[in-house]
$ cat my_file-v4.csv   # CSV, C-alpha atoms and all ligand atoms
chain,number,residue,atom,x,y,z
A,1,MET,CA,2.0,-3.6,26.2
A,2,ASN,CA,-1.5,-4.7,25.4
A,3,LYS,CA,-2.4,-2.6,22.4
A,4,GLU,CA,-4.2,-4.5,19.7
A,5,ARG,CA,-2.2,-5.6,16.8
A,6,VAL,CA,-2.4,-4.1,13.3
A,7,LEU,CA,-0.6,-5.4,10.2
A,8,SER,CA,-0.4,-4.2,6.7
A,9,GLY,CA,1.9,-4.5,3.7
A,10,MET,CA,2.6,-3.1,0.3
A,11,GLN,CA,3.7,-5.1,-2.7
A,12,ALA,CA,7.1,-4.2,-4.0
A,13,SER,CA,6.1,-3.9,-7.7
A,14,GLY,CA,6.8,-0.3,-8.4
A,15,LYS,CA,7.7,3.0,-6.8
A,16,LEU,CA,5.5,4.6,-4.2
A,17,HIS,CA,3.3,7.5,-5.6
A,18,ILE,CA,1.3,10.2,-3.9
A,19,GLY,CA,-1.9,8.1,-4.2
A,20,ASN,CA,-0.3,5.4,-2.1
A,21,LEU,CA,0.9,8.1,0.3
A,22,VAL,CA,-2.3,9.9,1.1
A,23,GLY,CA,-4.5,6.8,0.5
A,24,ALA,CA,-2.7,4.3,2.7
A,25,LEU,CA,0.7,5.3,4.1
A,26,LYS,CA,-0.5,8.4,6.0
A,27,ASN,CA,-3.2,6.2,7.6
A,28,TRP,CA,-0.6,3.7,8.7
A,29,VAL,CA,1.3,6.6,10.3
A,30,ALA,CA,-1.8,7.7,12.1
A,31,LEU,CA,-2.4,4.2,13.6
A,32,GLN,CA,1.1,4.0,15.2
A,33,ASP,CA,0.2,5.4,18.6
A,34,LYS,CA,-3.0,3.5,19.1
A,35,TYR,CA,-2.0,0.1,17.9
A,36,ASP,CA,1.0,-2.3,18.0
A,37,CYS,CA,1.7,-2.0,14.3
A,38,PHE,CA,3.5,-4.3,11.9
A,39,TYR,CA,4.2,-2.8,8.5
A,40,PHE,CA,6.2,-4.6,5.8
A,41,VAL,CA,7.3,-4.6,2.2
A,42,ALA,CA,5.8,-7.6,0.4
A,43,ASP,CA,8.7,-8.5,-1.9
A,44,TRP,CA,7.7,-12.1,-2.3
A,45,HIS,CA,4.2,-11.0,-3.4
A,46,ALA,CA,5.8,-9.0,-6.2
A,47,LEU,CA,7.1,-12.3,-7.6
A,48,THR,CA,3.6,-13.5,-8.3
A,49,THR,CA,3.4,-11.1,-11.3
A,50,GLY,CA,7.1,-10.2,-11.6
A,51,TYR,CA,8.9,-13.5,-11.5
A,52,GLU,CA,10.5,-13.0,-14.9
A,53,LYS,CA,12.4,-9.9,-13.8
A,54,PRO,CA,13.0,-10.3,-10.1
A,55,SER,CA,15.8,-7.8,-10.1
A,56,ALA,CA,13.3,-4.9,-10.3
A,57,ILE,CA,11.8,-6.1,-7.0
A,58,LYS,CA,14.9,-5.2,-5.0
A,59,GLU,CA,14.8,-1.6,-6.2
A,60,SER,CA,11.1,-1.3,-5.4
A,61,THR,CA,11.7,-2.8,-2.0
A,62,MET,CA,14.2,-0.1,-1.2
A,63,ASP,CA,12.0,2.7,-2.6
A,64,LEU,CA,9.1,1.5,-0.4
A,65,LEU,CA,11.2,1.2,2.7
A,66,VAL,CA,12.7,4.7,2.3
A,67,ASN,CA,9.2,6.1,1.7
A,68,PHE,CA,7.7,4.3,4.7
A,69,LEU,CA,10.3,6.0,6.9
A,70,ALA,CA,10.2,9.4,5.1
A,71,ALA,CA,6.4,9.6,5.4
A,72,GLY,CA,6.6,9.1,9.2
A,73,LEU,CA,6.6,5.4,10.0
A,74,ASP,CA,8.7,5.3,13.2
A,75,PRO,CA,10.8,2.2,13.9
A,76,ASP,CA,10.6,3.0,17.6
A,77,LYS,CA,6.9,2.7,17.5
A,78,SER,CA,6.2,0.2,14.8
A,79,THR,CA,7.8,-3.0,13.6
A,80,ILE,CA,8.9,-2.2,10.0
A,81,PHE,CA,10.3,-5.1,8.0
A,82,ILE,CA,10.8,-6.9,4.7
A,83,GLN,CA,8.7,-10.1,4.1
A,84,SER,CA,11.6,-12.2,2.7
A,85,MET,CA,13.7,-11.5,5.8
A,86,VAL,CA,11.1,-13.4,7.8
A,87,PRO,CA,11.0,-16.9,6.3
A,88,GLN,CA,8.3,-18.0,8.7
A,89,HIS,CA,5.8,-16.3,6.3
A,90,ALA,CA,6.7,-19.0,3.7
A,91,GLU,CA,6.5,-21.7,6.3
A,92,LEU,CA,3.1,-20.8,7.4
A,93,HIS,CA,2.0,-20.3,3.8
A,94,LEU,CA,3.0,-23.9,3.1
A,95,LEU,CA,0.8,-25.2,6.0
A,96,LEU,CA,-2.1,-23.0,5.0
A,97,SER,CA,-1.8,-24.1,1.3
A,98,MET,CA,-2.6,-27.7,2.5
A,99,ILE,CA,-6.0,-26.7,3.9
A,100,THR,CA,-7.1,-24.2,1.4
A,101,PRO,CA,-9.6,-25.6,-1.2
A,102,LEU,CA,-8.8,-24.6,-4.8
A,103,GLY,CA,-12.3,-23.4,-5.4
A,104,TRP,CA,-11.9,-20.7,-2.7
A,105,LEU,CA,-8.9,-19.3,-4.6
A,106,GLU,CA,-10.5,-19.5,-8.0
A,107,ARG,CA,-13.5,-17.6,-6.8
A,108,VAL,CA,-11.5,-14.5,-5.7
A,109,PRO,CA,-12.7,-11.8,-8.1
A,110,THR,CA,-9.2,-10.2,-8.5
A,111,TYR,CA,-7.8,-13.5,-9.7
A,112,LYS,CA,-9.7,-13.7,-12.9
A,113,GLU,CA,-9.8,-9.9,-13.4
A,114,LYS,CA,-6.1,-9.5,-13.2
A,115,GLN,CA,-5.4,-12.5,-15.4
A,116,GLU,CA,-7.5,-10.9,-18.0
A,117,GLN,CA,-6.1,-7.4,-17.6
A,118,ILE,CA,-2.5,-8.3,-17.6
A,119,GLN,CA,-2.1,-9.8,-21.0
A,120,ASP,CA,1.7,-9.6,-21.4
A,121,LYS,CA,2.5,-12.0,-18.6
A,122,ASP,CA,1.7,-15.6,-18.0
A,123,LEU,CA,-0.2,-15.6,-14.7
A,124,SER,CA,-1.4,-19.2,-14.8
A,125,THR,CA,1.0,-20.1,-12.1
A,126,TYR,CA,0.6,-21.8,-8.7
A,127,GLY,CA,2.1,-18.7,-7.0
A,128,PHE,CA,-0.3,-16.3,-8.5
A,129,LEU,CA,-3.3,-18.4,-7.6
A,130,GLY,CA,-1.9,-18.6,-4.1
A,131,TYR,CA,-1.5,-14.9,-3.6
A,132,PRO,CA,-4.2,-14.7,-1.0
A,133,VAL,CA,-2.8,-17.7,0.9
A,134,LEU,CA,0.5,-16.0,1.3
A,135,GLN,CA,-1.3,-12.8,2.3
A,136,THR,CA,-3.2,-14.8,4.9
A,137,ALA,CA,0.1,-16.1,6.3
A,138,ASP,CA,1.5,-12.5,6.4
A,139,ILE,CA,-1.4,-11.5,8.6
A,140,ILE,CA,-2.0,-14.4,11.0
A,141,ILE,CA,1.7,-15.2,11.6
A,142,TYR,CA,1.5,-12.1,13.8
A,143,ARG,CA,-2.0,-13.0,15.1
A,144,ALA,CA,-3.0,-9.5,13.9
A,145,LYS,CA,-6.5,-8.4,14.6
A,146,HIS,CA,-6.8,-5.4,12.2
A,147,VAL,CA,-5.6,-5.0,8.7
A,148,PRO,CA,-5.8,-1.5,7.2
A,149,VAL,CA,-6.6,-2.0,3.6
A,150,GLY,CA,-8.5,-0.3,0.8
A,151,ILE,CA,-12.0,-1.6,-0.3
A,152,ASP,CA,-10.4,-3.4,-3.3
A,153,GLN,CA,-8.6,-5.7,-0.9
A,154,LEU,CA,-11.7,-6.8,1.0
A,155,PRO,CA,-12.2,-10.0,-1.0
A,156,HIS,CA,-8.7,-11.1,-0.1
A,157,LEU,CA,-9.4,-10.4,3.5
A,158,GLU,CA,-12.6,-12.3,3.5
A,159,LEU,CA,-10.7,-15.3,2.2
A,160,SER,CA,-8.1,-14.8,4.9
A,161,ARG,CA,-10.9,-15.1,7.4
A,162,GLU,CA,-12.1,-18.3,5.9
A,163,ILE,CA,-8.7,-19.9,5.9
A,164,THR,CA,-8.2,-18.8,9.5
A,165,ARG,CA,-11.5,-20.3,10.5
A,166,ARG,CA,-10.6,-23.5,8.8
A,167,PHE,CA,-7.3,-23.8,10.6
A,168,ASN,CA,-8.9,-23.0,13.9
A,169,TYR,CA,-11.6,-25.6,13.3
A,170,LEU,CA,-9.4,-28.4,12.0
A,171,TYR,CA,-6.6,-28.1,14.7
A,172,LYS,CA,-6.9,-25.6,17.5
A,173,GLU,CA,-8.2,-22.1,18.0
A,174,ILE,CA,-5.0,-20.2,17.9
A,175,PHE,CA,-5.5,-17.4,15.3
A,176,PRO,CA,-7.8,-14.4,15.7
A,177,GLU,CA,-9.9,-13.7,12.6
A,178,PRO,CA,-8.4,-10.7,11.0
A,179,GLU,CA,-10.7,-7.7,10.3
A,180,GLY,CA,-10.4,-5.0,7.7
A,181,LEU,CA,-9.8,-1.5,9.1
A,182,LEU,CA,-11.4,0.7,6.5
A,183,THR,CA,-10.8,4.4,6.6
A,184,GLU,CA,-12.2,7.1,4.3
A,185,PHE,CA,-9.4,7.9,1.9
A,186,PRO,CA,-9.5,10.7,-0.4
A,187,LYS,CA,-9.5,9.4,-4.0
A,188,VAL,CA,-6.3,10.6,-5.7
A,189,PRO,CA,-6.6,11.1,-9.4
A,190,GLY,CA,-3.6,10.8,-11.7
A,191,THR,CA,-2.5,13.3,-14.2
A,192,ASP,CA,-5.0,12.1,-16.8
A,193,GLY,CA,-8.0,12.1,-14.4
A,194,ARG,CA,-8.1,8.3,-14.0
A,195,LYS,CA,-7.3,6.8,-10.6
A,196,MET,CA,-3.6,7.3,-9.9
A,197,SER,CA,-1.8,4.0,-10.7
A,198,LYS,CA,1.6,3.0,-11.9
A,199,SER,CA,0.1,0.9,-14.6
A,200,TYR,CA,-1.7,4.0,-16.2
A,201,GLY,CA,1.5,6.0,-16.3
A,202,ASN,CA,-0.3,8.9,-14.6
A,203,ALA,CA,1.4,8.9,-11.2
A,204,VAL,CA,3.4,11.4,-9.3
A,205,TYR,CA,6.1,9.5,-7.5
A,206,LEU,CA,7.7,10.4,-4.2
A,207,SER,CA,11.1,9.8,-5.9
A,208,ASP,CA,10.2,12.4,-8.6
A,209,PRO,CA,12.5,15.5,-8.2
A,210,PRO,CA,10.6,18.8,-7.7
A,211,GLU,CA,11.0,19.9,-11.3
A,212,VAL,CA,9.3,16.6,-12.5
A,213,VAL,CA,6.5,17.0,-10.1
A,214,GLU,CA,6.0,20.6,-11.3
A,215,LYS,CA,6.0,19.5,-14.9
A,216,LYS,CA,3.5,16.6,-14.3
A,217,ILE,CA,1.1,19.0,-12.6
A,218,LEU,CA,1.6,21.7,-15.3
A,219,THR,CA,0.7,19.2,-18.0
A,220,MET,CA,-2.2,17.7,-16.0
A,221,MET,CA,-5.6,17.4,-17.5
A,222,THR,CA,-8.2,20.0,-16.5
A,223,ASP,CA,-11.9,20.5,-17.4
A,224,PRO,CA,-11.8,19.8,-21.2
A,225,ALA,CA,-14.3,22.6,-21.7
A,226,ARG,CA,-11.7,25.2,-20.9
A,227,LYS,CA,-9.9,25.3,-24.1
A,228,ARG,CA,-9.1,29.0,-24.0
A,229,ARG,CA,-8.3,31.2,-21.1
A,230,THR,CA,-11.6,33.0,-21.4
A,231,ASP,CA,-13.7,29.7,-21.4
A,232,LYS,CA,-15.6,29.1,-18.2
A,233,GLY,CA,-15.1,25.7,-16.5
A,234,ASN,CA,-16.5,23.4,-14.0
A,235,PRO,CA,-14.0,22.5,-11.2
A,236,ASP,CA,-15.8,19.3,-10.4
A,237,LEU,CA,-14.7,18.0,-13.8
A,238,SER,CA,-11.1,18.8,-13.2
A,239,PRO,CA,-8.7,16.4,-11.6
A,240,VAL,CA,-6.5,19.3,-10.7
A,241,HIS,CA,-9.3,20.5,-8.5
A,242,GLN,CA,-9.6,17.1,-6.8
A,243,LEU,CA,-5.9,17.5,-5.9
A,244,HIS,CA,-6.6,20.9,-4.5
A,245,ARG,CA,-9.2,19.3,-2.2
A,246,ILE,CA,-6.4,17.2,-0.8
A,247,PHE,CA,-3.5,19.6,-0.6
A,248,SER,CA,-4.9,23.2,-0.5
A,249,SER,CA,-6.5,25.3,2.2
A,250,LYS,CA,-10.2,25.9,2.3
A,251,GLU,CA,-9.8,29.5,1.1
A,252,GLU,CA,-7.6,28.4,-1.8
A,253,ILE,CA,-10.1,25.7,-2.8
A,254,GLU,CA,-12.9,28.3,-2.9
A,255,TYR,CA,-10.7,30.8,-4.8
A,256,VAL,CA,-9.7,28.4,-7.5
A,257,ALA,CA,-13.2,26.9,-7.9
A,258,ASP,CA,-14.7,30.4,-8.3
A,259,GLY,CA,-11.9,31.4,-10.6
A,260,CYS,CA,-12.6,28.4,-12.8
A,261,ARG,CA,-16.3,28.9,-13.0
A,262,THR,CA,-16.0,32.6,-13.9
A,263,ALA,CA,-12.8,32.2,-16.0
A,264,GLY,CA,-11.4,34.7,-13.5
A,265,ILE,CA,-8.1,32.7,-13.4
A,266,GLY,CA,-6.5,30.4,-15.9
A,267,CYS,CA,-5.6,26.8,-15.5
A,268,ILE,CA,-2.0,27.6,-15.1
A,269,ASP,CA,-2.7,30.0,-12.2
A,270,CYS,CA,-4.7,27.3,-10.6
A,271,LYS,CA,-2.0,24.7,-11.1
A,272,ARG,CA,0.7,27.1,-9.7
A,273,ILE,CA,-1.2,27.2,-6.4
A,274,LEU,CA,-1.5,23.5,-6.4
A,275,ILE,CA,2.2,23.1,-7.1
A,276,LYS,CA,3.1,25.4,-4.2
A,277,ASN,CA,1.0,23.2,-1.8
A,278,VAL,CA,2.1,19.9,-3.1
A,279,PHE,CA,5.7,21.1,-2.7
A,280,ALA,CA,5.0,22.2,0.9
A,281,TYR,CA,3.5,18.8,1.6
A,282,LEU,CA,6.3,16.8,0.0
A,283,GLU,CA,9.3,18.9,1.2
A,284,PRO,CA,9.8,17.3,4.6
A,285,ILE,CA,9.4,13.9,2.9
A,286,TRP,CA,12.0,14.8,0.2
A,287,LYS,CA,14.4,16.0,2.9
A,288,LYS,CA,14.0,12.7,4.9
A,289,ARG,CA,14.3,10.6,1.7
A,290,ASN,CA,17.6,12.3,0.9
A,291,GLU,CA,19.0,11.7,4.4
A,292,LEU,CA,18.0,8.1,4.2
A,293,ILE,CA,19.3,7.5,0.8
A,294,SER,CA,22.7,8.9,1.7
A,295,ASN,CA,22.9,6.6,4.7
A,296,PRO,CA,22.3,3.1,3.4
A,297,ASP,CA,23.8,1.6,6.5
A,298,THR,CA,21.2,3.2,8.7
A,299,LEU,CA,18.5,2.0,6.4
A,300,PHE,CA,19.7,-1.5,6.3
A,301,ASP,CA,20.0,-1.4,10.1
A,302,ILE,CA,16.4,-0.4,10.5
A,303,ALA,CA,15.2,-3.1,8.1
A,304,LYS,CA,17.3,-5.7,10.0
A,305,LYS,CA,16.2,-4.7,13.5
A,306,GLY,CA,12.5,-4.6,12.4
A,307,SER,CA,12.8,-8.0,10.7
A,308,ASP,CA,14.6,-9.5,13.7
A,309,LYS,CA,11.7,-8.4,15.9
A,310,ALA,CA,9.1,-9.6,13.4
A,311,ARG,CA,10.9,-13.0,13.1
A,312,HIS,CA,10.9,-13.4,16.8
A,313,GLU,CA,7.1,-12.9,16.9
A,314,ALA,CA,6.6,-15.1,13.8
A,315,GLU,CA,8.6,-17.9,15.3
A,316,LYS,CA,6.4,-18.0,18.4
A,317,THR,CA,3.4,-18.4,16.2
A,318,MET,CA,5.0,-21.1,14.1
A,319,GLN,CA,5.6,-23.0,17.4
A,320,MET,CA,1.9,-22.7,18.3
A,321,ALA,CA,0.9,-23.8,14.8
A,322,SER,CA,3.1,-26.8,14.8
A,323,GLU,CA,1.9,-27.8,18.2
A,324,ALA,CA,-1.8,-27.3,17.2
A,325,MET,CA,-1.2,-29.6,14.3
A,326,GLY,CA,0.7,-32.2,16.3
A,327,LEU,CA,3.8,-31.7,14.3
A,328,ALA,CA,6.0,-30.2,17.1
B,1,LIG,N1,-1.9,-7.1,-1.3
B,1,LIG,C1,-1.2,-6.0,-0.8
B,1,LIG,C2,-0.9,-5.0,-1.9
B,1,LIG,O1,-1.4,-5.1,-3.0
B,1,LIG,C3,0.1,-6.4,-0.1
B,1,LIG,C4,0.0,-7.3,1.0
B,1,LIG,C5,0.6,-8.5,1.1
B,1,LIG,C6,-0.8,-7.2,2.2
B,1,LIG,N2,0.3,-9.1,2.3
B,1,LIG,C7,-0.5,-8.3,2.9
B,1,LIG,C8,-1.6,-6.2,2.7
B,1,LIG,C9,-1.1,-8.5,4.2
B,1,LIG,C10,-2.2,-6.4,3.9
B,1,LIG,C11,-2.0,-7.5,4.7
B,1,LIG,O2,-0.1,-4.1,-1.8
$ encode --input "my_file-v4.csv" --output "structure tokens" --more "lines below"
Ligand code: TRP
Amino acid sequence: MNKERVLSGMQASGKLHIGNLVGALKNWVALQDKYDCFYFVADWHALTTGYEKPSAIKESTMDLLVNFLAAGLDPDKSTIFIQSMVPQHAELHLLLSMITPLGWLERVPTYKEKQEQIQDKDLSTYGFLGYPVLQTADIIIYRAKHVPVGIDQLPHLELSREITRRFNYLYKEIFPEPEGLLTEFPKVPGTDGRKMSKSYGNAVYLSDPPEVVEKKILTMMTDPARKRRTDKGNPDLSPVHQLHRIFSSKEEIEYVADGCRTAGIGCIDCKRILIKNVFAYLEPIWKKRNELISNPDTLFDIAKKGSDKARHEAEKTMQMASEAMGLA
């Protein structure tokens, strides 16, 4: 097996929404045949902002794991695991923390931004500053070459490359420098037209029952110019239309765009078509979710097997790292 290795993770600080699904998870699924993939739930990372209420992390971890599998990650193809079940991540994080200059961490743009944005939490902690160091350990503990991430994660990845180079330079060249694997993702708007995000309260979750999904779409924002049924609209200004572009057929996209411009159809008609298509997209995922949720033993078994496999790989790397540093 000499496929190149891919690694990616998602932080367990909330439920998975359809923005995560079409933006990241579906891409992970697509990479499974071409690469030796490692995908995990970053539960420790969730502590960096959620340390005051760690019990919420467990729930989110379960939700992410169920959705990974329901969306098509296949434990026979990929190594699917939970970060805290592989303690070597913490061990390598410790070693990397020794060689990472403070200035590098303070310069990461998301560090200051997030601290300013999130006012209700005290983020002046050692763990929060060290977020990218732990993330680096996550990646290089598997000597992964490619990291599928969104553009917003690139500064973290750049830092991971710097830390990796520093280790290789100080001790021994044992880690490949990880590279971002960027793919063109459709931007998924939330129900209010802003980017879909759990912190905006505008997300459609995979765990939402069909009637909730329906209601969220029915009350979604459209082109504000269409106040009355007879007002003409501009589909490019409607987040509903952006979702059509992701979930609907070419003919339907044309039909609703035309109907919007001419006031030939109303917003509810347009939304009904979207609901039908979102349902069709989500139905197999809902079905798989229900199966998994009603078989917690199977789920635990998958997490355990994946984590065992990951731990085995991670342990090999820790041996190499200890040897490189003359600690073995
Ligand atoms: N930072 C990622 C997120 O926001 C989660 C993550 C943790 C990650 N470690 C990683 C992503 C390593 C890619 C590689 O969800």
$ residues_near_ligand --input "my_file-v4.csv" --ligand "ligand LIG 1 (chain B)" --cutoff "7 Å" --atoms "all atoms listed in the file" --output "number ranges by chain"
A: 7-11, 42, 45, 134-136, 138-139, 147-149, 153
$ residues_around --input "my_file-v4.csv" --residues "A:Leu181" --least-positions-apart "4" --cutoff "12 Å" --atoms "only C-alpha atoms" --output "PyMOL selection string"
chain A and resi 5-8+24+27-28+31+35+144-151+153-154+157+185
$ write_last_selection --input "my_file-v4.csv" --atoms "C-alpha atoms" --output "PDB file, in the coordinates of the input"
ATOM      1  CA  ARG A   5      -2.200  -5.600  16.800  1.00  0.00           C
ATOM      2  CA  VAL A   6      -2.400  -4.100  13.300  1.00  0.00           C
ATOM      3  CA  LEU A   7      -0.600  -5.400  10.200  1.00  0.00           C
ATOM      4  CA  SER A   8      -0.400  -4.200   6.700  1.00  0.00           C
ATOM      5  CA  ALA A  24      -2.700   4.300   2.700  1.00  0.00           C
ATOM      6  CA  ASN A  27      -3.200   6.200   7.600  1.00  0.00           C
ATOM      7  CA  TRP A  28      -0.600   3.700   8.700  1.00  0.00           C
ATOM      8  CA  LEU A  31      -2.400   4.200  13.600  1.00  0.00           C
ATOM      9  CA  TYR A  35      -2.000   0.100  17.900  1.00  0.00           C
ATOM     10  CA  ALA A 144      -3.000  -9.500  13.900  1.00  0.00           C
ATOM     11  CA  LYS A 145      -6.500  -8.400  14.600  1.00  0.00           C
ATOM     12  CA  HIS A 146      -6.800  -5.400  12.200  1.00  0.00           C
ATOM     13  CA  VAL A 147      -5.600  -5.000   8.700  1.00  0.00           C
ATOM     14  CA  PRO A 148      -5.800  -1.500   7.200  1.00  0.00           C
ATOM     15  CA  VAL A 149      -6.600  -2.000   3.600  1.00  0.00           C
ATOM     16  CA  GLY A 150      -8.500  -0.300   0.800  1.00  0.00           C
ATOM     17  CA  ILE A 151     -12.000  -1.600  -0.300  1.00  0.00           C
ATOM     18  CA  GLN A 153      -8.600  -5.700  -0.900  1.00  0.00           C
ATOM     19  CA  LEU A 154     -11.700  -6.800   1.000  1.00  0.00           C
ATOM     20  CA  LEU A 157      -9.400 -10.400   3.500  1.00  0.00           C
ATOM     21  CA  PHE A 185      -9.400   7.900   1.900  1.00  0.00           C
TER      22      PHE A 185
END
$ closest_residue --input "my_file-v4.csv" --among "A:Leu206, A:Ala310, A:Ala71, A:Ile99" --to "A:Phe38" --atoms "all atoms listed in the file"
A:Ala310
$ atom_distance --input "my_file-v4.csv" --atom1 "atom CA of A:Ile174" --atom2 "atom CA of A:Phe128"
27.1 Å
$ closest_residue --input "my_file-v4.csv" --among "A:Asn67, A:Pro186, A:Glu254, A:Ala46" --to "A:Leu25" --atoms "all atoms listed in the file"
A:Asn67
$ decode --input "my_file-v4.csv" --residues "stretch 64-80 of chain A" --atoms "N, CA, C and O atoms" --output "PDB file, in the first residue's frame"
ATOM      1  N   LEU A  64     -20.450  14.107  15.372  1.00  0.00           N
ATOM      2  CA  LEU A  64     -19.523  14.158  14.240  1.00  0.00           C
ATOM      3  C   LEU A  64     -19.222  12.755  13.737  1.00  0.00           C
ATOM      4  O   LEU A  64     -19.244  12.493  12.534  1.00  0.00           O
ATOM      5  N   LEU A  65     -18.970  11.851  14.652  1.00  0.00           N
ATOM      6  CA  LEU A  65     -18.631  10.489  14.253  1.00  0.00           C
ATOM      7  C   LEU A  65     -19.775   9.845  13.456  1.00  0.00           C
ATOM      8  O   LEU A  65     -19.557   9.266  12.386  1.00  0.00           O
ATOM      9  N   VAL A  66     -20.977   9.982  13.977  1.00  0.00           N
ATOM     10  CA  VAL A  66     -22.146   9.426  13.280  1.00  0.00           C
ATOM     11  C   VAL A  66     -22.253  10.035  11.874  1.00  0.00           C
ATOM     12  O   VAL A  66     -22.468   9.329  10.889  1.00  0.00           O
ATOM     13  N   ASN A  67     -22.063  11.335  11.795  1.00  0.00           N
ATOM     14  CA  ASN A  67     -22.204  11.988  10.494  1.00  0.00           C
ATOM     15  C   ASN A  67     -21.061  11.657   9.536  1.00  0.00           C
ATOM     16  O   ASN A  67     -21.281  11.580   8.330  1.00  0.00           O
ATOM     17  N   PHE A  68     -19.871  11.481  10.050  1.00  0.00           N
ATOM     18  CA  PHE A  68     -18.756  11.034   9.191  1.00  0.00           C
ATOM     19  C   PHE A  68     -19.176   9.762   8.453  1.00  0.00           C
ATOM     20  O   PHE A  68     -19.022   9.636   7.242  1.00  0.00           O
ATOM     21  N   LEU A  69     -19.706   8.828   9.234  1.00  0.00           N
ATOM     22  CA  LEU A  69     -20.046   7.519   8.659  1.00  0.00           C
ATOM     23  C   LEU A  69     -21.293   7.622   7.777  1.00  0.00           C
ATOM     24  O   LEU A  69     -21.343   7.056   6.687  1.00  0.00           O
ATOM     25  N   ALA A  70     -22.268   8.384   8.248  1.00  0.00           N
ATOM     26  CA  ALA A  70     -23.514   8.514   7.488  1.00  0.00           C
ATOM     27  C   ALA A  70     -23.272   9.192   6.141  1.00  0.00           C
ATOM     28  O   ALA A  70     -23.936   8.899   5.156  1.00  0.00           O
ATOM     29  N   ALA A  71     -22.290  10.083   6.093  1.00  0.00           N
ATOM     30  CA  ALA A  71     -22.019  10.808   4.852  1.00  0.00           C
ATOM     31  C   ALA A  71     -21.153   9.993   3.892  1.00  0.00           C
ATOM     32  O   ALA A  71     -20.934  10.407   2.759  1.00  0.00           O
ATOM     33  N   GLY A  72     -20.649   8.867   4.359  1.00  0.00           N
ATOM     34  CA  GLY A  72     -19.931   8.002   3.429  1.00  0.00           C
ATOM     35  C   GLY A  72     -18.468   7.727   3.748  1.00  0.00           C
ATOM     36  O   GLY A  72     -17.778   7.085   2.955  1.00  0.00           O
ATOM     37  N   LEU A  73     -17.950   8.199   4.875  1.00  0.00           N
ATOM     38  CA  LEU A  73     -16.599   7.756   5.241  1.00  0.00           C
ATOM     39  C   LEU A  73     -16.705   6.275   5.577  1.00  0.00           C
ATOM     40  O   LEU A  73     -17.613   5.852   6.296  1.00  0.00           O
ATOM     41  N   ASP A  74     -15.778   5.517   5.036  1.00  0.00           N
ATOM     42  CA  ASP A  74     -15.876   4.063   5.109  1.00  0.00           C
ATOM     43  C   ASP A  74     -14.720   3.507   5.946  1.00  0.00           C
ATOM     44  O   ASP A  74     -13.559   3.625   5.553  1.00  0.00           O
ATOM     45  N   PRO A  75     -15.016   2.913   7.087  1.00  0.00           N
ATOM     46  CA  PRO A  75     -13.938   2.417   7.959  1.00  0.00           C
ATOM     47  C   PRO A  75     -13.092   1.318   7.315  1.00  0.00           C
ATOM     48  O   PRO A  75     -11.996   1.042   7.797  1.00  0.00           O
ATOM     49  N   ASP A  76     -13.583   0.726   6.216  1.00  0.00           N
ATOM     50  CA  ASP A  76     -12.748  -0.253   5.515  1.00  0.00           C
ATOM     51  C   ASP A  76     -11.737   0.423   4.600  1.00  0.00           C
ATOM     52  O   ASP A  76     -10.766  -0.188   4.158  1.00  0.00           O
ATOM     53  N   LYS A  77     -11.991   1.683   4.291  1.00  0.00           N
ATOM     54  CA  LYS A  77     -11.065   2.397   3.397  1.00  0.00           C
ATOM     55  C   LYS A  77     -10.185   3.363   4.176  1.00  0.00           C
ATOM     56  O   LYS A  77      -9.008   3.525   3.895  1.00  0.00           O
ATOM     57  N   SER A  78     -10.789   4.065   5.130  1.00  0.00           N
ATOM     58  CA  SER A  78     -10.080   5.128   5.836  1.00  0.00           C
ATOM     59  C   SER A  78      -9.933   4.779   7.313  1.00  0.00           C
ATOM     60  O   SER A  78     -10.700   3.980   7.844  1.00  0.00           O
ATOM     61  N   THR A  79      -8.973   5.411   7.942  1.00  0.00           N
ATOM     62  CA  THR A  79      -8.819   5.264   9.384  1.00  0.00           C
ATOM     63  C   THR A  79      -9.593   6.384  10.053  1.00  0.00           C
ATOM     64  O   THR A  79      -9.250   7.558   9.904  1.00  0.00           O
ATOM     65  N   ILE A  80     -10.661   6.006  10.743  1.00  0.00           N
ATOM     66  CA  ILE A  80     -11.559   6.997  11.348  1.00  0.00           C
ATOM     67  C   ILE A  80     -11.430   6.881  12.864  1.00  0.00           C
ATOM     68  O   ILE A  80     -11.604   5.787  13.408  1.00  0.00           O
TER      69      ILE A  80
END
